[in-house]
$ cat target_20.cif   # mmCIF, C-alpha atoms
data_input
loop_
_atom_site.label_atom_id
_atom_site.label_comp_id
_atom_site.auth_asym_id
_atom_site.auth_seq_id
_atom_site.Cartn_x
_atom_site.Cartn_y
_atom_site.Cartn_z
CA MET A 1 10.96 0.79 -17.31
CA ASP A 2 11.89 -2.84 -16.69
CA VAL A 3 9.86 -5.89 -15.73
CA PHE A 4 10.75 -6.66 -12.12
CA ASP A 5 8.62 -9.81 -11.94
CA ASP A 6 6.72 -11.46 -14.79
CA ARG A 7 4.16 -13.37 -12.72
CA VAL A 8 0.71 -12.11 -13.69
CA CYS A 9 -1.39 -10.74 -10.83
CA GLY A 10 -5.13 -10.39 -11.09
CA LEU A 11 -4.83 -7.48 -8.67
CA GLY A 12 -1.25 -6.75 -7.64
CA GLU A 13 -1.14 -4.51 -4.56
CA GLY A 14 0.73 -3.51 -1.42
CA PRO A 15 4.40 -3.54 -2.49
CA TYR A 16 6.89 -3.41 0.38
CA TYR A 17 10.56 -4.05 1.14
CA ASP A 18 11.95 -6.02 4.07
CA ASP A 19 15.55 -4.97 4.62
CA ARG A 20 16.07 -7.88 7.03
CA THR A 21 15.61 -10.45 4.25
CA GLY A 22 16.46 -8.35 1.18
CA ARG A 23 13.11 -9.31 -0.32
CA ALA A 24 10.59 -7.12 -2.08
CA GLY A 25 7.04 -8.36 -1.65
CA TRP A 26 3.51 -7.65 -2.80
CA VAL A 27 0.14 -9.38 -2.88
CA ASP A 28 -2.21 -10.67 -5.53
CA VAL A 29 -5.56 -9.90 -3.93
CA ARG A 30 -7.56 -11.85 -6.52
CA HIS A 31 -5.51 -15.03 -6.21
CA ARG A 32 -4.98 -14.82 -2.43
CA THR A 33 -1.22 -15.01 -2.72
CA VAL A 34 1.75 -13.17 -1.23
CA LEU A 35 4.59 -12.91 -3.76
CA TRP A 36 8.23 -12.02 -3.11
CA ARG A 37 11.51 -11.63 -4.96
CA ASP A 38 15.00 -11.37 -3.51
CA VAL A 39 16.36 -8.10 -4.91
CA ALA A 40 19.97 -9.33 -5.01
CA THR A 41 19.60 -12.95 -6.18
CA GLY A 42 16.31 -12.92 -8.07
CA GLU A 43 15.03 -15.86 -6.02
CA THR A 44 11.24 -15.88 -5.93
CA GLY A 45 8.49 -17.49 -3.98
CA PRO A 46 4.73 -17.43 -3.58
CA THR A 47 2.93 -17.99 -0.29
CA PRO A 48 -0.73 -18.91 -0.68
CA ALA A 49 -2.97 -17.22 1.87
CA GLU A 50 -6.03 -18.83 3.38
CA ALA A 51 -7.89 -15.51 3.32
CA GLU A 52 -8.14 -12.57 0.96
CA VAL A 53 -5.07 -10.41 1.72
CA SER A 54 -4.67 -6.80 0.58
CA ALA A 55 -1.34 -5.84 2.19
CA VAL A 56 1.67 -7.16 4.11
CA VAL A 57 3.45 -4.99 6.70
CA PRO A 58 6.75 -6.02 8.39
CA ARG A 59 6.74 -6.19 12.20
CA ALA A 60 9.48 -4.81 14.45
CA ASN A 61 9.76 -8.03 16.47
CA GLY A 62 9.89 -10.34 13.46
CA GLY A 63 7.17 -11.65 11.18
CA TYR A 64 4.54 -9.62 9.43
CA VAL A 65 1.01 -8.32 9.52
CA LEU A 66 -1.29 -9.88 6.93
CA VAL A 67 -4.08 -7.42 6.29
CA GLN A 68 -7.00 -9.72 5.59
CA ALA A 69 -10.46 -8.78 4.37
CA GLU A 70 -11.88 -8.94 7.90
CA GLY A 71 -8.92 -7.26 9.63
CA PRO A 72 -5.15 -7.46 10.22
CA ALA A 73 -3.58 -10.66 11.59
CA LEU A 74 -0.07 -11.28 12.93
CA VAL A 75 2.01 -13.99 11.26
CA ASP A 76 5.46 -15.50 11.71
CA PRO A 77 8.40 -14.87 9.32
CA SER A 78 7.20 -17.66 7.03
CA LEU A 79 3.94 -15.74 6.53
CA ARG A 80 2.04 -18.57 8.21
CA ASP A 81 0.53 -19.40 11.61
CA ALA A 82 -1.70 -16.35 11.59
CA SER A 83 -3.26 -15.08 14.78
CA PRO A 84 -6.99 -14.33 14.78
CA PRO A 85 -7.53 -11.03 12.93
CA TYR A 86 -8.13 -7.81 14.82
CA PRO A 87 -11.76 -7.11 13.85
CA TYR A 88 -12.55 -3.56 12.83
CA ASP A 89 -15.60 -1.59 13.87
CA ASP A 90 -17.56 -1.68 10.61
CA PRO A 91 -19.35 1.68 10.14
CA ALA A 92 -21.92 0.02 7.87
CA PRO A 93 -22.70 -3.44 9.29
CA GLY A 94 -24.00 -5.88 6.72
CA VAL A 95 -22.48 -3.94 3.82
CA ASP A 96 -19.92 -5.78 1.71
CA VAL A 97 -16.58 -4.15 2.56
CA ARG A 98 -13.02 -5.42 2.87
CA SER A 99 -9.65 -4.18 4.06
CA ASN A 100 -7.37 -2.51 1.55
CA ASP A 101 -4.07 -0.59 1.73
CA ALA A 102 -2.06 -0.60 4.95
CA LYS A 103 1.26 0.69 6.32
CA ALA A 104 3.03 1.27 9.59
CA ASP A 105 3.72 4.86 10.57
CA PRO A 106 7.15 6.06 11.79
CA ALA A 107 6.10 5.47 15.42
CA GLY A 108 5.16 1.83 14.77
CA ARG A 109 1.38 2.09 14.59
CA LEU A 110 -0.52 0.16 11.93
CA TRP A 111 -2.88 2.10 9.65
CA PHE A 112 -5.27 0.37 7.27
CA GLY A 113 -8.44 1.25 5.40
CA THR A 114 -11.46 -0.49 4.01
CA LEU A 115 -13.34 -0.18 0.76
CA SER A 116 -16.87 -0.82 -0.39
CA ARG A 117 -16.79 -3.68 -2.87
CA ASP A 118 -19.00 -1.74 -5.28
CA LEU A 119 -16.05 0.74 -5.43
CA SER A 120 -18.25 3.79 -5.16
CA THR A 121 -20.41 3.84 -2.01
CA PRO A 122 -18.73 5.69 0.92
CA ARG A 123 -19.13 2.88 3.45
CA GLY A 124 -15.46 2.26 4.19
CA ALA A 125 -13.20 3.76 6.84
CA LEU A 126 -9.60 4.39 7.91
CA TYR A 127 -8.32 2.67 11.07
CA ARG A 128 -5.30 2.87 13.36
CA LEU A 129 -4.08 -0.11 15.39
CA ASP A 130 -1.77 0.90 18.22
CA PRO A 131 0.78 -1.65 19.49
CA GLY A 132 -0.73 -3.52 22.41
CA ALA A 133 -4.32 -2.54 21.56
CA THR A 134 -6.97 -5.22 21.29
CA ALA A 135 -8.87 -3.57 18.44
CA PRO A 136 -8.30 -0.89 15.80
CA ALA A 137 -9.65 2.61 16.35
CA ARG A 138 -11.71 4.13 13.54
CA VAL A 139 -10.14 7.44 12.50
CA LEU A 140 -12.17 8.38 9.39
CA SER A 141 -15.58 7.29 8.09
CA GLY A 142 -17.42 7.88 4.82
CA ILE A 143 -14.62 6.45 2.68
CA ALA A 144 -15.33 4.71 -0.63
CA ILE A 145 -11.88 3.27 -1.54
CA SER A 146 -9.25 3.71 1.16
CA ASN A 147 -5.88 3.60 -0.57
CA GLY A 148 -2.42 5.17 -0.37
CA LEU A 149 -0.76 6.08 2.94
CA GLY A 150 2.54 7.81 3.63
CA TRP A 151 4.33 10.00 6.18
CA SER A 152 6.91 12.75 6.03
CA GLY A 153 7.78 14.58 9.24
CA SER A 154 4.61 16.11 10.63
CA ARG A 155 2.58 15.20 7.54
CA MET A 156 0.45 12.17 6.68
CA TYR A 157 -0.71 11.63 3.10
CA TYR A 158 -3.88 9.70 2.32
CA VAL A 159 -5.99 8.68 -0.69
CA ASP A 160 -9.69 7.96 -1.04
CA THR A 161 -9.55 7.10 -4.74
CA VAL A 162 -13.00 8.33 -5.75
CA THR A 163 -12.16 11.88 -4.62
CA ASN A 164 -9.50 12.11 -7.38
CA ARG A 165 -6.98 13.68 -5.06
CA ILE A 166 -4.28 13.06 -2.47
CA ASP A 167 -5.07 14.64 0.89
CA VAL A 168 -2.58 15.69 3.56
CA PHE A 169 -3.08 15.81 7.33
CA ASP A 170 -1.12 17.27 10.20
CA TYR A 171 0.29 14.22 11.99
CA ASP A 172 1.37 14.00 15.64
CA ALA A 173 3.88 11.16 15.96
CA SER A 174 3.63 11.14 19.75
CA THR A 175 -0.12 10.44 19.82
CA GLY A 176 -0.94 9.18 16.33
CA SER A 177 -3.61 11.84 15.94
CA ILE A 178 -4.29 13.52 12.59
CA SER A 179 -6.00 16.84 11.89
CA GLY A 180 -6.33 19.61 9.34
CA ARG A 181 -7.28 17.48 6.34
CA ARG A 182 -6.76 19.41 3.10
CA PRO A 183 -6.14 18.68 -0.60
CA PHE A 184 -2.52 18.09 -1.57
CA ALA A 185 -2.78 17.20 -5.28
CA SER A 186 -5.62 16.52 -7.72
CA LEU A 187 -5.28 13.71 -10.28
CA PRO A 188 -7.43 10.97 -11.83
CA LEU A 189 -7.94 7.81 -9.75
CA PRO A 190 -4.95 7.92 -7.39
CA ASP A 191 -4.19 4.54 -5.83
CA GLY A 192 -1.24 3.42 -3.68
CA LEU A 193 1.60 5.80 -2.82
CA CYS A 194 4.96 6.10 -1.09
CA VAL A 195 7.19 8.95 0.09
CA ASP A 196 10.86 9.34 -0.81
CA ALA A 197 13.83 10.70 1.18
CA GLU A 198 13.20 14.25 -0.09
CA GLY A 199 9.60 14.19 1.14
CA CYS A 200 8.17 13.84 -2.35
CA VAL A 201 5.08 11.72 -2.93
CA TRP A 202 4.96 8.97 -5.57
CA VAL A 203 1.45 7.82 -6.49
CA ALA A 204 0.11 5.18 -8.88
CA MET A 205 -2.76 6.24 -11.14
CA PHE A 206 -5.23 3.45 -11.80
CA ASP A 207 -6.43 3.26 -15.42
CA SER A 208 -3.80 5.82 -16.49
CA GLY A 209 -0.73 3.59 -16.81
CA ALA A 210 1.36 6.08 -14.87
CA VAL A 211 3.09 6.92 -11.61
CA ARG A 212 3.59 10.55 -10.64
CA ARG A 213 5.99 12.29 -8.27
CA TYR A 214 4.80 15.40 -6.42
CA THR A 215 7.06 17.75 -4.48
CA PRO A 216 6.17 18.66 -0.87
CA ASP A 217 4.41 21.81 -2.09
CA GLY A 218 2.10 19.74 -4.31
CA ALA A 219 3.77 20.51 -7.64
CA LEU A 220 4.03 17.76 -10.26
CA ASP A 221 7.73 16.88 -10.62
CA ARG A 222 7.68 13.96 -13.08
CA GLU A 223 5.54 11.19 -14.53
CA LEU A 224 6.59 7.62 -15.29
CA ARG A 225 4.71 5.77 -18.01
CA VAL A 226 3.91 2.11 -17.29
CA PRO A 227 3.18 -0.27 -20.22
CA THR A 228 -0.24 -1.30 -18.90
CA PRO A 229 -3.10 0.89 -17.68
CA GLN A 230 -4.00 -0.52 -14.26
CA THR A 231 -1.14 0.74 -12.08
CA THR A 232 -1.98 0.12 -8.41
CA SER A 233 0.89 1.02 -6.06
CA CYS A 234 4.63 1.61 -5.70
CA ALA A 235 7.45 1.24 -3.17
CA PHE A 236 11.21 1.77 -2.99
CA VAL A 237 13.24 -1.41 -2.58
CA GLY A 238 16.84 -2.60 -2.44
CA PRO A 239 19.73 -1.88 -0.08
CA ASP A 240 20.12 1.66 -1.45
CA TYR A 241 16.36 2.27 -1.82
CA ASP A 242 16.98 3.52 -5.34
CA THR A 243 14.60 1.17 -7.18
CA LEU A 244 10.90 1.88 -7.39
CA ILE A 245 8.73 -1.17 -7.99
CA ILE A 246 5.23 -0.71 -9.41
CA THR A 247 2.40 -3.22 -9.07
CA THR A 248 -0.36 -3.55 -11.66
CA ALA A 249 -3.62 -5.40 -12.23
CA ALA A 250 -5.16 -7.47 -15.02
CA ARG A 251 -8.86 -6.85 -14.54
CA GLY A 252 -11.74 -6.15 -16.90
CA PRO A 253 -10.52 -4.79 -20.26
CA ALA A 254 -6.87 -5.25 -19.22
CA LYS A 255 -7.21 -8.95 -18.47
CA GLY A 256 -5.08 -11.00 -20.84
CA THR A 257 -3.44 -7.99 -22.50
CA PRO A 258 0.37 -7.89 -22.80
CA GLY A 259 2.05 -6.53 -19.68
CA ALA A 260 -1.06 -6.44 -17.51
CA GLY A 261 -0.61 -7.71 -13.96
CA LEU A 262 3.19 -7.69 -14.06
CA THR A 263 5.38 -5.87 -11.54
CA TYR A 264 7.69 -3.21 -12.98
CA ALA A 265 10.80 -1.39 -11.76
CA VAL A 266 12.74 1.80 -12.36
CA THR A 267 16.18 2.45 -10.84
CA PHE A 268 17.16 6.07 -10.21
CA THR A 269 20.44 7.93 -9.81
CA ASP A 270 18.84 11.06 -8.33
CA VAL A 271 16.13 9.69 -6.01
CA LYS A 272 16.14 7.42 -2.97
CA GLY A 273 13.35 6.03 -0.87
CA LEU A 274 13.15 5.52 2.88
CA PRO A 275 13.72 2.40 5.02
CA PRO A 276 10.45 0.63 5.80
CA ASP A 277 8.50 1.44 8.94
CA ARG A 278 7.42 -1.59 10.96
CA PHE A 279 4.44 -2.35 13.15
CA ALA A 280 5.80 -2.34 16.71
CA ALA A 281 4.31 -5.67 17.80
#
$ encode --input "target_20.cif" --output "structure tokens"
Amino acid sequence: MDVFDDRVCGLGEGPYYDDRTGRAGWVDVRHRTVLWRDVATGETGPTPAEAEVSAVVPRANGGYVLVQAEGPALVDPSLRDASPPYPYDDPAPGVDVRSNDAKADPAGRLWFGTLSRDLSTPRGALYRLDPGATAPARVLSGIAISNGLGWSGSRMYYVDTVTNRIDVFDYDASTGSISGRRPFASLPLPDGLCVDAEGCVWVAMFDSGAVRRYTPDGALDRELRVPTPQTTSCAFVGPDYDTLIITTAARGPAKGTPGAGLTYAVTFTDVKGLPPDRFAA
């Protein structure tokens, strides 16, 4: 396990790879900053955000989606000049919620969830924003901490952290509909996830200092130990998609401890990730 980036994040989240620029990126939710590192050259840069940002998703036509607390907004390739956010239909008006994890699906739709800021009350939701739509559609309600998303063929994987499991849905790429929700794997405090080229699911375990890989039948394949407890998410990066980067947080008891809030990396010889999906707008 190597340190990929030694800048300390209060809450590192949302790692992604943009194969057009060769940059791996992630966000520091607490410090309202988008961070990036060129995988080949090591060049780095921060981009301060005017709003609280929980995820960045590349767009098919250039630029990105900044998933802000009040909804996703489209930005140019410099991560600036944001459009007004697409407001979501809050299932619990007046309750303190914010956006959280987000990804594009293989058909170019944007999926993002919300969480209740008390991290326990099921007042969040999962949303889908179709290209060309004027507002996101609420897909699931009664969510406490909407987290990891991933797709593999006709499957969609999803995490509501407080349930202590990864769920799997039947996914229709032609319509974006999901059905047949069922448990995929049980584990303590699952957070962000990604899917590799073999259809295996990699998931960060918050407060466990670990990332696990599960095979498509839900069996535990391996566990990576991370030298700090608050592991938050993971993504495959690089031209060969053979490096897994892992974001972490430095909150509460972990704040100020060695290794907390750094971004880590493991390069594999037997595993590869998938090219990033982009929001088709």
$ resolve_selection --input "target_20.cif" --expression "the PyMOL selection byres ((chain A and resi 149) around 12)" --output "PyMOL selection string"
chain A and resi 14+55+100-106+110-113+126-128+146-148+150-152+155-161+166-169+190-195+201-204+233-235+277
$ closest_residue --input "target_20.cif" --among "A:Arg225, A:Arg278, A:Arg20, A:Lys255" --to "Tyr64 (chain A)" --atoms "all atoms listed in the file"
A:Arg278
$ resolve_selection --input "target_20.cif" --expression "the PyMOL selection byres ((chain A and resi 53) around 8)" --output "VMD selection string"
chain A and resid 27 to 29 32 to 34 49 51 to 52 54 to 56 66 to 69
$ resolve_selection --input "target_20.cif" --expression "the PyMOL selection byres ((chain A and resi 249-254) around 12)" --output "short mmCIF file (atom, residue, chain, number, x, y, z; two decimals) with C-alpha atoms, in the coordinates of the input"
data_model
loop_
_atom_site.label_atom_id
_atom_site.label_comp_id
_atom_site.auth_asym_id
_atom_site.auth_seq_id
_atom_site.Cartn_x
_atom_site.Cartn_y
_atom_site.Cartn_z
CA ARG A 7 4.16 -13.37 -12.72
CA VAL A 8 0.71 -12.11 -13.69
CA CYS A 9 -1.39 -10.74 -10.83
CA GLY A 10 -5.13 -10.39 -11.09
CA LEU A 11 -4.83 -7.48 -8.67
CA GLY A 12 -1.25 -6.75 -7.64
CA GLU A 13 -1.14 -4.51 -4.56
CA GLY A 14 0.73 -3.51 -1.42
CA VAL A 27 0.14 -9.38 -2.88
CA ASP A 28 -2.21 -10.67 -5.53
CA VAL A 29 -5.56 -9.90 -3.93
CA ARG A 30 -7.56 -11.85 -6.52
CA HIS A 31 -5.51 -15.03 -6.21
CA ASP A 191 -4.19 4.54 -5.83
CA ALA A 204 0.11 5.18 -8.88
CA MET A 205 -2.76 6.24 -11.14
CA PHE A 206 -5.23 3.45 -11.80
CA ASP A 207 -6.43 3.26 -15.42
CA SER A 208 -3.80 5.82 -16.49
CA GLY A 209 -0.73 3.59 -16.81
CA VAL A 226 3.91 2.11 -17.29
CA PRO A 227 3.18 -0.27 -20.22
CA THR A 228 -0.24 -1.30 -18.90
CA PRO A 229 -3.10 0.89 -17.68
CA GLN A 230 -4.00 -0.52 -14.26
CA THR A 231 -1.14 0.74 -12.08
CA THR A 232 -1.98 0.12 -8.41
CA SER A 233 0.89 1.02 -6.06
CA ILE A 246 5.23 -0.71 -9.41
CA THR A 247 2.40 -3.22 -9.07
CA THR A 248 -0.36 -3.55 -11.66
CA LYS A 255 -7.21 -8.95 -18.47
CA GLY A 256 -5.08 -11.00 -20.84
CA THR A 257 -3.44 -7.99 -22.50
CA PRO A 258 0.37 -7.89 -22.80
CA GLY A 259 2.05 -6.53 -19.68
CA ALA A 260 -1.06 -6.44 -17.51
CA GLY A 261 -0.61 -7.71 -13.96
CA LEU A 262 3.19 -7.69 -14.06
CA THR A 263 5.38 -5.87 -11.54
CA TYR A 264 7.69 -3.21 -12.98
#
$ closest_residue --input "target_20.cif" --among "A:Val57, A:Leu224, A:Ala135, A:Ile145" --to "Val266 (chain A)" --atoms "only C-alpha atoms"
A:Leu224
$ atom_distance --input "target_20.cif" --atom1 "CA of Gly124 (chain A)" --atom2 "CA of Val65 (chain A)"
20.3 Å
